[in-house]
file upload_14.csv (CSV, C-alpha atoms)
chain,number,residue,atom,x,y,z
W,24,MET,CA,6.0,121.5,-153.8
W,25,ARG,CA,4.0,119.4,-151.5
W,26,LYS,CA,6.4,116.5,-152.1
W,27,ILE,CA,9.4,118.6,-151.2
W,28,LEU,CA,7.8,119.7,-148.0
W,29,ILE,CA,7.1,116.0,-147.1
W,30,LEU,CA,10.7,115.1,-147.8
W,31,VAL,CA,12.1,117.9,-145.7
W,32,MET,CA,9.9,117.0,-142.8
W,33,ALA,CA,11.0,113.3,-143.0
W,34,GLY,CA,14.6,114.4,-143.1
W,35,LEU,CA,14.2,116.6,-140.0
W,36,ALA,CA,12.4,113.7,-138.2
W,37,LEU,CA,15.3,111.4,-139.0
W,38,LEU,CA,17.9,113.9,-137.8
W,39,LEU,CA,16.0,114.4,-134.5
W,40,PHE,CA,15.9,110.6,-133.9
W,41,SER,CA,19.6,110.1,-134.5
W,42,CYS,CA,20.6,112.8,-132.1
W,43,ALA,CA,18.6,111.5,-129.2
W,44,SER,CA,20.7,110.4,-126.2
W,45,PRO,CA,20.3,106.9,-124.7
W,46,PRO,CA,18.1,106.4,-121.7
W,47,GLU,CA,19.9,107.0,-118.5
W,48,GLN,CA,21.0,104.0,-116.4
W,49,PRO,CA,19.5,103.7,-113.0
W,50,GLU,CA,22.1,104.8,-110.4
W,51,GLN,CA,23.9,102.0,-108.5
W,52,PRO,CA,23.3,102.1,-104.8
W,53,VAL,CA,26.4,103.2,-103.0
W,54,GLN,CA,27.8,100.6,-100.7
W,55,PRO,CA,28.2,101.7,-97.1
W,56,GLU,CA,31.9,101.8,-96.1
W,57,GLN,CA,32.8,98.9,-93.8
W,58,PRO,CA,33.9,99.9,-90.4
W,59,LYS,CA,37.7,99.2,-90.0
W,60,GLN,CA,38.4,96.4,-87.5
W,61,PRO,CA,40.2,97.8,-84.5
W,62,VAL,CA,43.8,96.6,-84.0
W,63,ASP,CA,44.0,94.3,-81.1
W,64,THR,CA,46.7,95.9,-78.9
W,65,SER,CA,45.8,94.0,-75.7
W,66,VAL,CA,47.8,90.9,-76.9
W,67,PRO,CA,51.5,91.4,-77.3
W,68,LEU,CA,53.2,90.5,-80.6
W,69,PRO,CA,54.0,86.7,-80.6
W,70,GLU,CA,57.6,87.4,-81.6
W,71,GLN,CA,58.9,84.3,-79.8
W,72,GLU,CA,56.4,82.0,-81.4
W,73,LEU,CA,57.2,83.4,-84.8
W,74,ALA,CA,60.9,82.9,-84.3
W,75,GLU,CA,60.5,79.4,-83.0
W,76,ALA,CA,58.1,78.4,-85.9
W,77,LYS,CA,60.6,79.8,-88.4
W,78,SER,CA,63.5,78.0,-86.7
W,79,LEU,CA,61.6,74.7,-86.7
W,80,LYS,CA,60.7,75.2,-90.4
W,81,THR,CA,64.4,75.8,-91.2
W,82,ARG,CA,65.4,72.6,-89.4
W,83,VAL,CA,62.7,70.6,-91.2
W,84,ASP,CA,63.7,72.0,-94.6
W,85,ASN,CA,67.4,71.7,-94.1
W,86,ASN,CA,67.0,68.0,-93.2
W,87,GLY,CA,64.6,67.3,-96.0
W,88,LEU,CA,62.0,66.0,-93.7
W,89,SER,CA,58.8,67.2,-95.4
W,90,GLU,CA,58.4,64.2,-97.6
W,91,PHE,CA,58.3,61.9,-94.6
W,92,ALA,CA,55.3,63.6,-93.0
W,93,LEU,CA,53.8,65.6,-95.8
W,94,GLU,CA,50.3,66.2,-94.3
W,95,ASP,CA,51.7,67.5,-91.1
W,96,TYR,CA,54.2,69.6,-93.0
W,97,GLN,CA,51.5,71.2,-95.2
W,98,GLN,CA,49.5,71.9,-92.0
W,99,ALA,CA,52.5,73.6,-90.4
W,100,GLU,CA,53.1,75.7,-93.5
W,101,LYS,CA,49.5,76.9,-93.6
W,102,SER,CA,49.5,77.8,-89.9
W,103,LEU,CA,52.8,79.7,-90.3
W,104,GLN,CA,51.3,81.6,-93.2
W,105,ASP,CA,48.2,82.4,-91.2
W,106,GLY,CA,50.3,83.5,-88.3
W,107,GLU,CA,52.4,85.8,-90.4
W,108,ALA,CA,49.3,87.3,-92.0
W,109,ALA,CA,47.7,88.1,-88.7
W,110,TYR,CA,51.0,89.2,-87.1
W,111,GLY,CA,50.7,92.8,-85.9
W,112,LYS,CA,47.0,92.9,-86.9
W,113,ASP,CA,45.4,90.3,-84.7
W,114,ASN,CA,48.1,89.1,-82.4
W,115,ALA,CA,45.8,86.7,-80.6
W,116,LYS,CA,45.0,85.0,-83.9
W,117,ALA,CA,48.6,85.2,-84.9
W,118,LYS,CA,49.7,83.5,-81.7
W,119,LYS,CA,47.2,80.8,-82.1
W,120,ALA,CA,48.2,80.1,-85.6
W,121,LEU,CA,51.9,80.1,-84.8
W,122,ASP,CA,51.4,77.8,-81.8
W,123,ALA,CA,49.7,75.4,-84.2
W,124,ALA,CA,52.6,75.8,-86.7
W,125,ILE,CA,55.1,75.0,-84.0
W,126,ALA,CA,53.1,71.9,-82.9
W,127,SER,CA,52.9,70.7,-86.5
W,128,TYR,CA,56.6,71.2,-87.2
W,129,ARG,CA,57.4,69.3,-84.1
W,130,THR,CA,55.2,66.5,-85.2
W,131,VAL,CA,57.0,66.5,-88.6
W,132,ILE,CA,60.3,66.3,-86.8
W,133,SER,CA,59.3,63.5,-84.4
W,134,LYS,CA,57.8,61.4,-87.2
W,135,ALA,CA,60.2,62.1,-90.0
W,136,PHE,CA,63.6,62.0,-88.4
W,137,PRO,CA,63.6,58.2,-87.6
W,138,LEU,CA,62.3,57.5,-91.1
W,139,LYS,CA,65.0,59.7,-92.6
W,140,VAL,CA,67.7,58.0,-90.5
W,141,ASP,CA,66.4,54.6,-91.6
W,142,ARG,CA,66.6,55.6,-95.2
W,143,SER,CA,70.1,57.0,-94.8
W,144,LYS,CA,71.2,53.8,-93.1
W,145,ALA,CA,69.6,51.7,-95.8
W,146,GLU,CA,71.5,53.6,-98.5
W,147,VAL,CA,74.8,53.0,-96.6
W,148,ASP,CA,73.9,49.4,-96.0
W,149,THR,CA,73.6,48.9,-99.8
W,150,ILE,CA,76.9,50.4,-100.8
W,151,LYS,CA,78.6,48.7,-97.8
W,152,ALA,CA,77.3,45.3,-98.9
W,153,ASN,CA,78.5,46.1,-102.5
W,154,ALA,CA,82.0,46.9,-101.1
W,155,GLU,CA,82.0,43.8,-99.0
W,156,SER,CA,80.9,41.6,-102.0
W,157,ILE,CA,84.2,42.5,-103.7
W,158,LYS,CA,86.1,42.0,-100.5
W,159,ALA,CA,86.9,45.7,-99.8
W,160,GLN,CA,87.6,44.8,-96.2
W,161,VAL,CA,90.7,42.9,-97.4
W,162,ALA,CA,91.7,44.9,-100.4
W,163,MET,CA,91.3,48.3,-98.8
W,164,LYS,CA,91.8,47.4,-95.2
W,165,SER,CA,92.4,50.9,-93.7
W,166,GLY,CA,89.9,52.6,-95.9
W,167,TYR,CA,87.2,50.1,-95.1
W,168,ALA,CA,88.0,50.3,-91.4
W,169,ALA,CA,87.6,54.1,-91.5
W,170,ALA,CA,84.2,53.8,-93.3
W,171,LYS,CA,83.0,51.1,-90.9
W,172,ALA,CA,84.0,53.2,-87.9
W,173,LYS,CA,82.0,56.1,-89.3
W,174,TYR,CA,79.1,53.8,-89.9
W,175,ASP,CA,79.2,52.4,-86.3
W,176,GLN,CA,79.3,56.0,-85.0
W,177,ALA,CA,76.2,56.8,-87.1
W,178,VAL,CA,74.4,53.7,-85.7
W,179,ALA,CA,75.3,54.7,-82.2
W,180,ALA,CA,74.0,58.2,-82.7
W,181,ARG,CA,70.7,56.9,-84.1
W,182,ASP,CA,70.3,54.5,-81.2
W,183,ALA,CA,70.9,57.5,-78.8
W,184,GLY,CA,68.2,59.4,-80.6
W,185,ASN,CA,70.6,62.0,-82.1
W,186,PHE,CA,69.0,61.8,-85.5
W,187,GLU,CA,70.6,64.9,-87.1
W,188,GLN,CA,74.0,63.7,-86.1
W,189,ALA,CA,73.2,60.2,-87.3
W,190,ILE,CA,72.1,61.5,-90.7
W,191,SER,CA,75.3,63.5,-91.1
W,192,LEU,CA,77.4,60.5,-90.0
W,193,PHE,CA,75.6,58.1,-92.3
W,194,ALA,CA,76.2,60.6,-95.2
W,195,GLU,CA,79.9,60.6,-94.4
W,196,ALA,CA,80.0,56.8,-94.1
W,197,LYS,CA,78.3,56.5,-97.5
W,198,THR,CA,80.9,58.7,-99.2
W,199,LEU,CA,83.7,56.7,-97.5
W,200,PHE,CA,82.2,53.3,-98.6
W,201,GLN,CA,81.7,54.6,-102.1
W,202,ASP,CA,85.4,55.6,-102.3
W,203,VAL,CA,86.4,52.2,-100.9
W,204,TYR,CA,84.2,50.4,-103.3
W,205,GLN,CA,85.5,52.3,-106.3
W,206,GLN,CA,89.2,51.8,-105.4
W,207,THR,CA,88.6,48.1,-104.6
W,208,LYS,CA,87.0,47.7,-108.0
W,209,VAL,CA,90.0,49.2,-109.7
W,210,LYS,CA,92.3,46.9,-107.8
W,211,LYS,CA,90.2,43.9,-108.5
W,212,GLU,CA,90.1,44.6,-112.3
W,213,ALA,CA,93.9,45.2,-112.4
W,214,ALA,CA,94.5,41.9,-110.6
W,215,GLU,CA,92.2,40.1,-113.0
W,216,ALA,CA,94.1,41.5,-116.0
W,217,GLU,CA,97.4,40.5,-114.5
W,218,ILE,CA,96.2,37.0,-113.6
W,219,LYS,CA,94.8,36.5,-117.0
W,220,SER,CA,98.1,37.6,-118.5
W,221,SER,CA,100.1,35.1,-116.4
W,222,GLN,CA,97.6,32.3,-117.2
W,223,ASP,CA,98.0,33.0,-120.9
W,224,GLY,CA,101.8,33.0,-120.4
W,225,LEU,CA,101.7,29.6,-118.6
W,226,LYS,CA,99.5,28.2,-121.4
W,227,ASP,CA,101.9,29.5,-124.0
W,228,ALA,CA,104.9,28.1,-122.1
W,229,GLU,CA,103.2,24.7,-121.9
W,230,GLU,CA,102.5,24.6,-125.7
W,231,ARG,CA,106.1,25.6,-126.5
W,232,ALA,CA,107.4,22.9,-124.2
W,233,LYS,CA,105.1,20.3,-125.7
W,234,ALA,CA,106.2,21.2,-129.2
W,235,GLY,CA,109.8,20.9,-128.0
W,236,ASP,CA,109.2,17.5,-126.4
W,237,GLU,CA,107.6,16.2,-129.6
W,238,GLU,CA,110.6,17.5,-131.6
W,239,MET,CA,113.1,15.9,-129.3
W,240,GLN,CA,111.2,12.6,-129.0
W,241,GLY,CA,110.5,12.4,-132.7
W,242,GLY,CA,114.2,12.5,-133.6
W,243,GLY,CA,114.6,16.2,-134.3
W,244,GLN,CA,115.2,17.9,-137.6
D,27,MET,CA,120.1,-17.7,-107.0
D,28,LYS,CA,120.4,-14.6,-104.9
D,29,LYS,CA,122.9,-13.1,-107.4
D,30,THR,CA,120.6,-13.7,-110.3
D,31,ILE,CA,117.7,-11.9,-108.5
D,32,LEU,CA,120.0,-9.0,-107.6
D,33,LEU,CA,121.2,-8.7,-111.1
D,34,GLY,CA,117.7,-8.8,-112.4
D,35,LEU,CA,116.6,-6.0,-110.0
D,36,MET,CA,119.6,-3.9,-111.1
D,37,ILE,CA,118.8,-4.3,-114.7
D,38,LEU,CA,115.1,-3.4,-114.0
D,39,GLY,CA,116.2,-0.3,-112.1
D,40,LEU,CA,118.5,0.8,-114.9
D,41,LEU,CA,115.7,0.3,-117.4
D,42,LEU,CA,113.3,2.4,-115.3
D,43,PHE,CA,115.9,5.1,-114.8
D,44,ALA,CA,116.6,5.2,-118.5
D,45,SER,CA,112.9,5.4,-119.4
D,46,SER,CA,112.3,8.2,-116.9
D,47,VAL,CA,115.2,10.2,-118.4
D,48,THR,CA,113.9,9.9,-121.9
D,49,ALA,CA,110.3,10.7,-120.9
D,50,GLN,CA,111.3,13.8,-119.0
D,51,SER,CA,109.4,16.8,-120.3
D,52,LEU,CA,110.8,20.2,-121.0
D,53,LEU,CA,108.3,21.4,-118.4
D,54,ASP,CA,110.2,19.5,-115.7
D,55,ASN,CA,112.2,22.5,-114.9
D,56,PRO,CA,112.3,24.5,-111.6
D,57,ASP,CA,111.3,27.8,-113.3
D,58,TYR,CA,108.1,26.4,-114.7
D,59,LYS,CA,107.3,24.7,-111.4
D,60,LYS,CA,107.9,28.0,-109.6
D,61,ALA,CA,105.7,29.9,-112.1
D,62,VAL,CA,102.9,27.3,-111.5
D,63,GLU,CA,103.2,27.7,-107.8
D,64,LEU,CA,103.1,31.5,-108.0
D,65,GLN,CA,100.1,31.4,-110.2
D,66,ARG,CA,98.4,29.2,-107.6
D,67,GLN,CA,99.2,31.8,-104.9
D,68,ALA,CA,97.9,34.6,-107.2
D,69,ASP,CA,94.6,32.8,-107.6
D,70,ALA,CA,94.4,32.2,-103.8
D,71,ALA,CA,95.2,35.8,-103.0
D,72,TYR,CA,92.6,37.0,-105.5
D,73,ALA,CA,89.9,34.7,-104.0
D,74,GLU,CA,90.7,36.2,-100.6
D,75,GLY,CA,90.4,39.7,-101.9
D,76,ASP,CA,94.1,40.5,-101.6
D,77,TYR,CA,94.3,42.0,-105.1
D,78,ASP,CA,97.6,43.7,-104.6
D,79,MET,CA,99.3,40.4,-103.7
D,80,ALA,CA,97.4,38.7,-106.5
D,81,ARG,CA,99.0,41.1,-108.9
D,82,GLU,CA,102.4,40.7,-107.4
D,83,TYR,CA,102.3,36.9,-107.5
D,84,SER,CA,101.1,37.1,-111.1
D,85,ARG,CA,103.9,39.5,-112.0
D,86,GLN,CA,106.5,37.1,-110.4
D,87,ALA,CA,104.9,34.2,-112.2
D,88,LYS,CA,105.4,35.9,-115.5
D,89,GLU,CA,109.1,36.4,-114.7
D,90,TYR,CA,109.5,32.6,-114.1
D,91,ILE,CA,107.5,31.8,-117.2
D,92,GLY,CA,110.0,33.9,-119.1
D,93,ARG,CA,112.9,32.0,-117.5
D,94,SER,CA,111.2,28.7,-118.3
D,95,ASN,CA,110.8,29.7,-121.9
D,96,THR,CA,114.4,30.6,-122.1
D,97,TYR,CA,115.3,27.2,-120.6
D,98,VAL,CA,113.1,25.4,-123.1
D,99,GLU,CA,114.6,27.3,-126.0
D,100,ASN,CA,118.2,26.6,-124.8
D,101,ARG,CA,117.4,22.9,-124.4
D,102,LEU,CA,116.0,22.8,-127.9
D,103,LEU,CA,118.9,24.7,-129.3
D,104,ILE,CA,121.4,22.3,-127.7
D,105,TYR,CA,119.4,19.4,-129.0
D,106,ARG,CA,119.3,20.8,-132.5
D,107,ALA,CA,123.0,21.7,-132.4
D,108,ASN,CA,123.9,18.2,-131.1
D,109,SER,CA,121.7,16.4,-133.7
D,110,LEU,CA,123.1,18.5,-136.6
D,111,LEU,CA,126.7,18.1,-135.4
D,112,LYS,CA,126.2,14.3,-135.2
D,113,ALA,CA,124.7,14.2,-138.7
D,114,ALA,CA,127.5,16.3,-140.1
D,115,GLN,CA,130.2,14.1,-138.4
D,116,GLU,CA,128.6,11.0,-139.7
D,117,ARG,CA,128.4,12.3,-143.3
D,118,VAL,CA,132.0,13.6,-143.3
D,119,ALA,CA,133.3,10.3,-141.7
D,120,TYR,CA,131.4,8.4,-144.4
D,121,PHE,CA,132.8,10.4,-147.3
D,122,LYS,CA,136.3,10.2,-145.8
D,123,SER,CA,136.0,6.4,-145.4
D,124,VAL,CA,134.8,5.7,-148.9
D,125,GLY,CA,136.7,8.5,-150.6
D,126,VAL,CA,135.3,11.1,-153.0
D,127,GLN,CA,135.9,11.8,-156.7
D,128,PRO,CA,138.9,14.2,-157.1
D,129,ASP,CA,136.7,17.0,-158.3
D,130,TYR,CA,134.9,17.0,-154.9
D,131,GLN,CA,138.0,16.7,-152.7
D,132,ALA,CA,138.0,20.5,-152.1
D,133,TYR,CA,134.4,20.3,-151.0
D,134,LEU,CA,135.3,17.6,-148.5
D,135,ASP,CA,138.3,19.6,-147.2
D,136,GLN,CA,136.0,22.6,-146.7
D,137,ALA,CA,133.4,20.4,-145.0
D,138,GLU,CA,136.1,19.1,-142.6
D,139,LYS,CA,137.0,22.7,-141.8
D,140,ASP,CA,133.4,23.7,-141.2
D,141,LEU,CA,132.9,20.6,-139.1
D,142,ALA,CA,135.8,21.6,-136.9
D,143,GLN,CA,134.2,25.0,-136.5
D,144,ALA,CA,130.9,23.5,-135.7
D,145,LYS,CA,132.5,21.2,-133.0
D,146,ALA,CA,134.4,24.1,-131.5
D,147,ALA,CA,131.3,26.3,-131.4
D,148,TYR,CA,129.3,23.5,-129.8
D,149,ASP,CA,132.0,22.9,-127.1
D,150,ALA,CA,132.1,26.7,-126.4
D,151,GLY,CA,128.3,26.7,-125.9
D,152,ARG,CA,127.7,28.8,-129.1
D,153,TYR,CA,125.0,26.5,-130.2
D,154,GLN,CA,123.4,28.7,-133.0
D,155,GLU,CA,126.9,29.2,-134.5
D,156,SER,CA,127.5,25.4,-134.3
D,157,ILE,CA,124.1,24.8,-136.0
D,158,ASP,CA,125.0,27.2,-138.8
D,159,TYR,CA,128.4,25.4,-139.5
D,160,SER,CA,126.8,22.0,-139.3
D,161,LYS,CA,124.2,23.0,-141.8
D,162,LYS,CA,127.0,24.3,-144.0
D,163,VAL,CA,128.8,21.0,-143.8
D,164,LEU,CA,125.6,19.1,-144.7
D,165,ALA,CA,124.8,21.4,-147.6
D,166,GLY,CA,128.4,21.0,-149.0
D,167,ILE,CA,128.4,17.3,-148.6
D,168,ALA,CA,125.0,17.0,-150.4
D,169,VAL,CA,126.6,17.7,-153.8
D,170,MET,CA,129.6,15.4,-153.3
D,171,LYS,CA,129.9,12.0,-155.0
D,172,THR,CA,131.9,9.1,-153.8
D,173,VAL,CA,134.6,7.5,-155.9
D,174,GLN,CA,132.2,4.6,-156.7
D,175,GLN,CA,129.5,7.0,-158.0
D,176,LYS,CA,129.5,8.0,-161.6
call {"tool": "encode", "arguments": {"input": "upload_14.csv", "output": "structure tokens"}}
result
Amino acid sequence: MRKILILVMAGLALLLFSCASPPEQPEQPVQPEQPKQPVDTSVPLPEQELAEAKSLKTRVDNNGLSEFALEDYQQAEKSLQDGEAAYGKDNAKAKKALDAAIASYRTVISKAFPLKVDRSKAEVDTIKANAESIKAQVAMKSGYAAAKAKYDQAVAARDAGNFEQAISLFAEAKTLFQDVYQQTKVKKEAAEAEIKSSQDGLKDAEERAKAGDEEMQGGGQ
Amino acid sequence: MKKTILLGLMILGLLLFASSVTAQSLLDNPDYKKAVELQRQADAAYAEGDYDMAREYSRQAKEYIGRSNTYVENRLLIYRANSLLKAAQERVAYFKSVGVQPDYQAYLDQAEKDLAQAKAAYDAGRYQESIDYSKKVLAGIAVMKTVQQK
């Protein structure tokens, strides 16, 4: 009887222990709400700066100038991003960032355009030299003259500082020289085949004649 | 003395002329020479880069090569026709002069007829036909025996 009582009490003690709730966590202190920054309305929206920065970016991207002044380009991109982020929120900050972006894009343009033009010219110079090496100036007189005229225009535009025009003209000259080169190559190969054919014909004629001479001098059949 | 020298010079000239005629090559023909000249022009045009003209000169050169080959073939044909006709004439004349055994008289008659055809064809410029008749004569005569032969 005593044993049963002890067992029942032990069971009750176990039940009480298992049902106990965990100790409460201490409450986190509530962060005080940050005061909202007031919108700066004293500085007008830098609309013009934003438009100019975007316009310069378009010009840089369309002409593939970034690779020629990468550091300045990255700086311009970051400033434009900052300007757009602050735009309408902190117009003074936005204007400052956009002014910086404009300056950086202009630096990209001034640095990269001459380099880009030089590369364009070098590409044309290579294909032009290839065409001249197979005498395209003789074989494709008018085609070569047209390509050369375009090339000269491109050089003149570069010398006048019209870099975008120069790049465009060099691209046209390159296409023209490539065409001239290909057509000259085709003509050259056709001439080589024809010349070889007539050379073989002459050799054959000489052999026939020699055999005939021998037959006639040897007394014939 | 002067006459002797003059005669000597004339004989020398004739000998030189005769040797130049016999040594003349079949390539000494205007078509071959023209072909060589056109080939030279083709090479020059090619070197200058005038590939269109180079092709044109080469094309013309091939035309003249063809003409030269035709000339060489004709000369050889005439030479062969002439050689065979002479050989046939000599053989027929020989058998006629020595006479043939009666069994072969018909062969000789036929050979004479074929020889006449060969000569007529040769004179008319039908050299291949002449060659064919001459060969026929020579083949027919080959089996004949003279009266002395047994």
call {"tool": "interface_residues", "arguments": {"input": "upload_14.csv", "of": "chain D", "to": "chain W", "cutoff": "7 Å", "atoms": "only C-alpha atoms", "output": "number ranges by chain"}}
result
D: 51-53, 75-78, 80-81, 84, 87-88, 91, 95, 98, 102, 106
call {"tool": "closest_residue", "arguments": {"input": "upload_14.csv", "among": "D:Gln65, D:Asn108, D:Gln115, D:Gln136", "to": "D:Gln154", "atoms": "all atoms listed in the file"}}
result
D:Asn108
call {"tool": "residues_around", "arguments": {"input": "upload_14.csv", "residues": "D:Asp57", "least_positions_apart": "4", "cutoff": "8 Å", "atoms": "only C-alpha atoms", "output": "PDB file with C-alpha atoms, in the frame of the given file"}}
result
ATOM      1  CA  ALA D  61     105.700  29.900-112.100  1.00  0.00           C
ATOM      2  CA  TYR D  90     109.500  32.600-114.100  1.00  0.00           C
ATOM      3  CA  ILE D  91     107.500  31.800-117.200  1.00  0.00           C
ATOM      4  CA  ARG D  93     112.900  32.000-117.500  1.00  0.00           C
ATOM      5  CA  SER D  94     111.200  28.700-118.300  1.00  0.00           C
TER       6      SER D  94
END
call {"tool": "atom_distance", "arguments": {"input": "upload_14.csv", "atom1": "atom CA of W:Glu90", "atom2": "atom CA of W:Gln104"}}
result
19.3 Å
call {"tool": "atom_distance", "arguments": {"input": "upload_14.csv", "atom1": "atom CA of D:Ala107", "atom2": "atom CA of D:Ala119"}}
result
18.0 Å
call {"tool": "residues_around", "arguments": {"input": "upload_14.csv", "residues": "stretch 112-117 of chain W", "least_positions_apart": "3", "cutoff": "7 Å", "atoms": "only C-alpha atoms", "output": "count of residues only"}}
result
12
call {"tool": "residues_around", "arguments": {"input": "upload_14.csv", "residues": "D:Leu141", "least_positions_apart": "4", "cutoff": "7 Å", "atoms": "only C-alpha atoms", "output": "list in words"}}
result
Ala114, Ala137, Lys145, Tyr159, Ser160 and Val163 of chain D
call {"tool": "closest_residue", "arguments": {"input": "upload_14.csv", "among": "D:Ile104, D:Phe121, D:Pro128, D:Glu116", "to": "D:Ser156", "atoms": "all atoms listed in the file"}}
result
D:Ile104
call {"tool": "atom_distance", "arguments": {"input": "upload_14.csv", "atom1": "atom CA of W:Ile150", "atom2": "atom CA of W:Val178"}}
result
15.7 Å
call {"tool": "residues_around", "arguments": {"input": "upload_14.csv", "residues": "W:Leu192", "least_positions_apart": "2", "cutoff": "8 Å", "atoms": "only C-alpha atoms", "output": "NGL selection string"}}
result
:W and (173-174 or 176-177 or 188-190 or 194-196)
call {"tool": "closest_residue", "arguments": {"input": "upload_14.csv", "among": "W:Ser89, W:Gln201, W:Ser165, W:Ser102", "to": "W:Ala124", "atoms": "all atoms listed in the file"}}
result
W:Ser102
call {"tool": "closest_residue", "arguments": {"input": "upload_14.csv", "among": "D:Ala142, D:Ala71, D:Leu164, D:Ala132", "to": "D:Ala113", "atoms": "only C-alpha atoms"}}
result
D:Leu164
call {"tool": "build_atoms", "arguments": {"input": "upload_14.csv", "residues": "stretch 160-171 of chain W", "atoms": "N, CA and C atoms", "output": "PDB file, in the frame of the given file"}}
result
ATOM      1  N   GLN W 160      87.011  44.847 -97.544  1.00  0.00           N
ATOM      2  CA  GLN W 160      87.600  44.800 -96.200  1.00  0.00           C
ATOM      3  C   GLN W 160      88.966  44.157 -96.189  1.00  0.00           C
ATOM      4  N   VAL W 161      89.310  43.415 -97.258  1.00  0.00           N
ATOM      5  CA  VAL W 161      90.700  42.900 -97.400  1.00  0.00           C
ATOM      6  C   VAL W 161      91.506  43.753 -98.296  1.00  0.00           C
ATOM      7  N   ALA W 162      90.922  44.112 -99.426  1.00  0.00           N
ATOM      8  CA  ALA W 162      91.700  44.900-100.400  1.00  0.00           C
ATOM      9  C   ALA W 162      92.008  46.286 -99.985  1.00  0.00           C
ATOM     10  N   MET W 163      91.091  46.891 -99.227  1.00  0.00           N
ATOM     11  CA  MET W 163      91.300  48.300 -98.800  1.00  0.00           C
ATOM     12  C   MET W 163      91.086  48.313 -97.265  1.00  0.00           C
ATOM     13  N   LYS W 164      91.971  47.620 -96.590  1.00  0.00           N
ATOM     14  CA  LYS W 164      91.800  47.400 -95.200  1.00  0.00           C
ATOM     15  C   LYS W 164      91.562  48.690 -94.369  1.00  0.00           C
ATOM     16  N   SER W 165      92.490  49.654 -94.504  1.00  0.00           N
ATOM     17  CA  SER W 165      92.400  50.900 -93.700  1.00  0.00           C
ATOM     18  C   SER W 165      91.199  51.729 -94.115  1.00  0.00           C
ATOM     19  N   GLY W 166      90.997  51.824 -95.428  1.00  0.00           N
ATOM     20  CA  GLY W 166      89.900  52.600 -95.900  1.00  0.00           C
ATOM     21  C   GLY W 166      88.549  52.038 -95.497  1.00  0.00           C
ATOM     22  N   TYR W 167      88.467  50.725 -95.546  1.00  0.00           N
ATOM     23  CA  TYR W 167      87.200  50.100 -95.100  1.00  0.00           C
ATOM     24  C   TYR W 167      87.026  50.266 -93.619  1.00  0.00           C
ATOM     25  N   ALA W 168      88.105  50.143 -92.857  1.00  0.00           N
ATOM     26  CA  ALA W 168      88.000  50.300 -91.400  1.00  0.00           C
ATOM     27  C   ALA W 168      87.504  51.703 -91.041  1.00  0.00           C
ATOM     28  N   ALA W 169      87.989  52.714 -91.773  1.00  0.00           N
ATOM     29  CA  ALA W 169      87.600  54.100 -91.500  1.00  0.00           C
ATOM     30  C   ALA W 169      86.075  54.263 -91.816  1.00  0.00           C
ATOM     31  N   ALA W 170      85.655  53.693 -92.933  1.00  0.00           N
ATOM     32  CA  ALA W 170      84.200  53.800 -93.300  1.00  0.00           C
ATOM     33  C   ALA W 170      83.350  53.071 -92.313  1.00  0.00           C
ATOM     34  N   LYS W 171      83.828  51.913 -91.882  1.00  0.00           N
ATOM     35  CA  LYS W 171      83.000  51.100 -90.900  1.00  0.00           C
ATOM     36  C   LYS W 171      82.938  51.827 -89.577  1.00  0.00           C
TER      37      LYS W 171
END
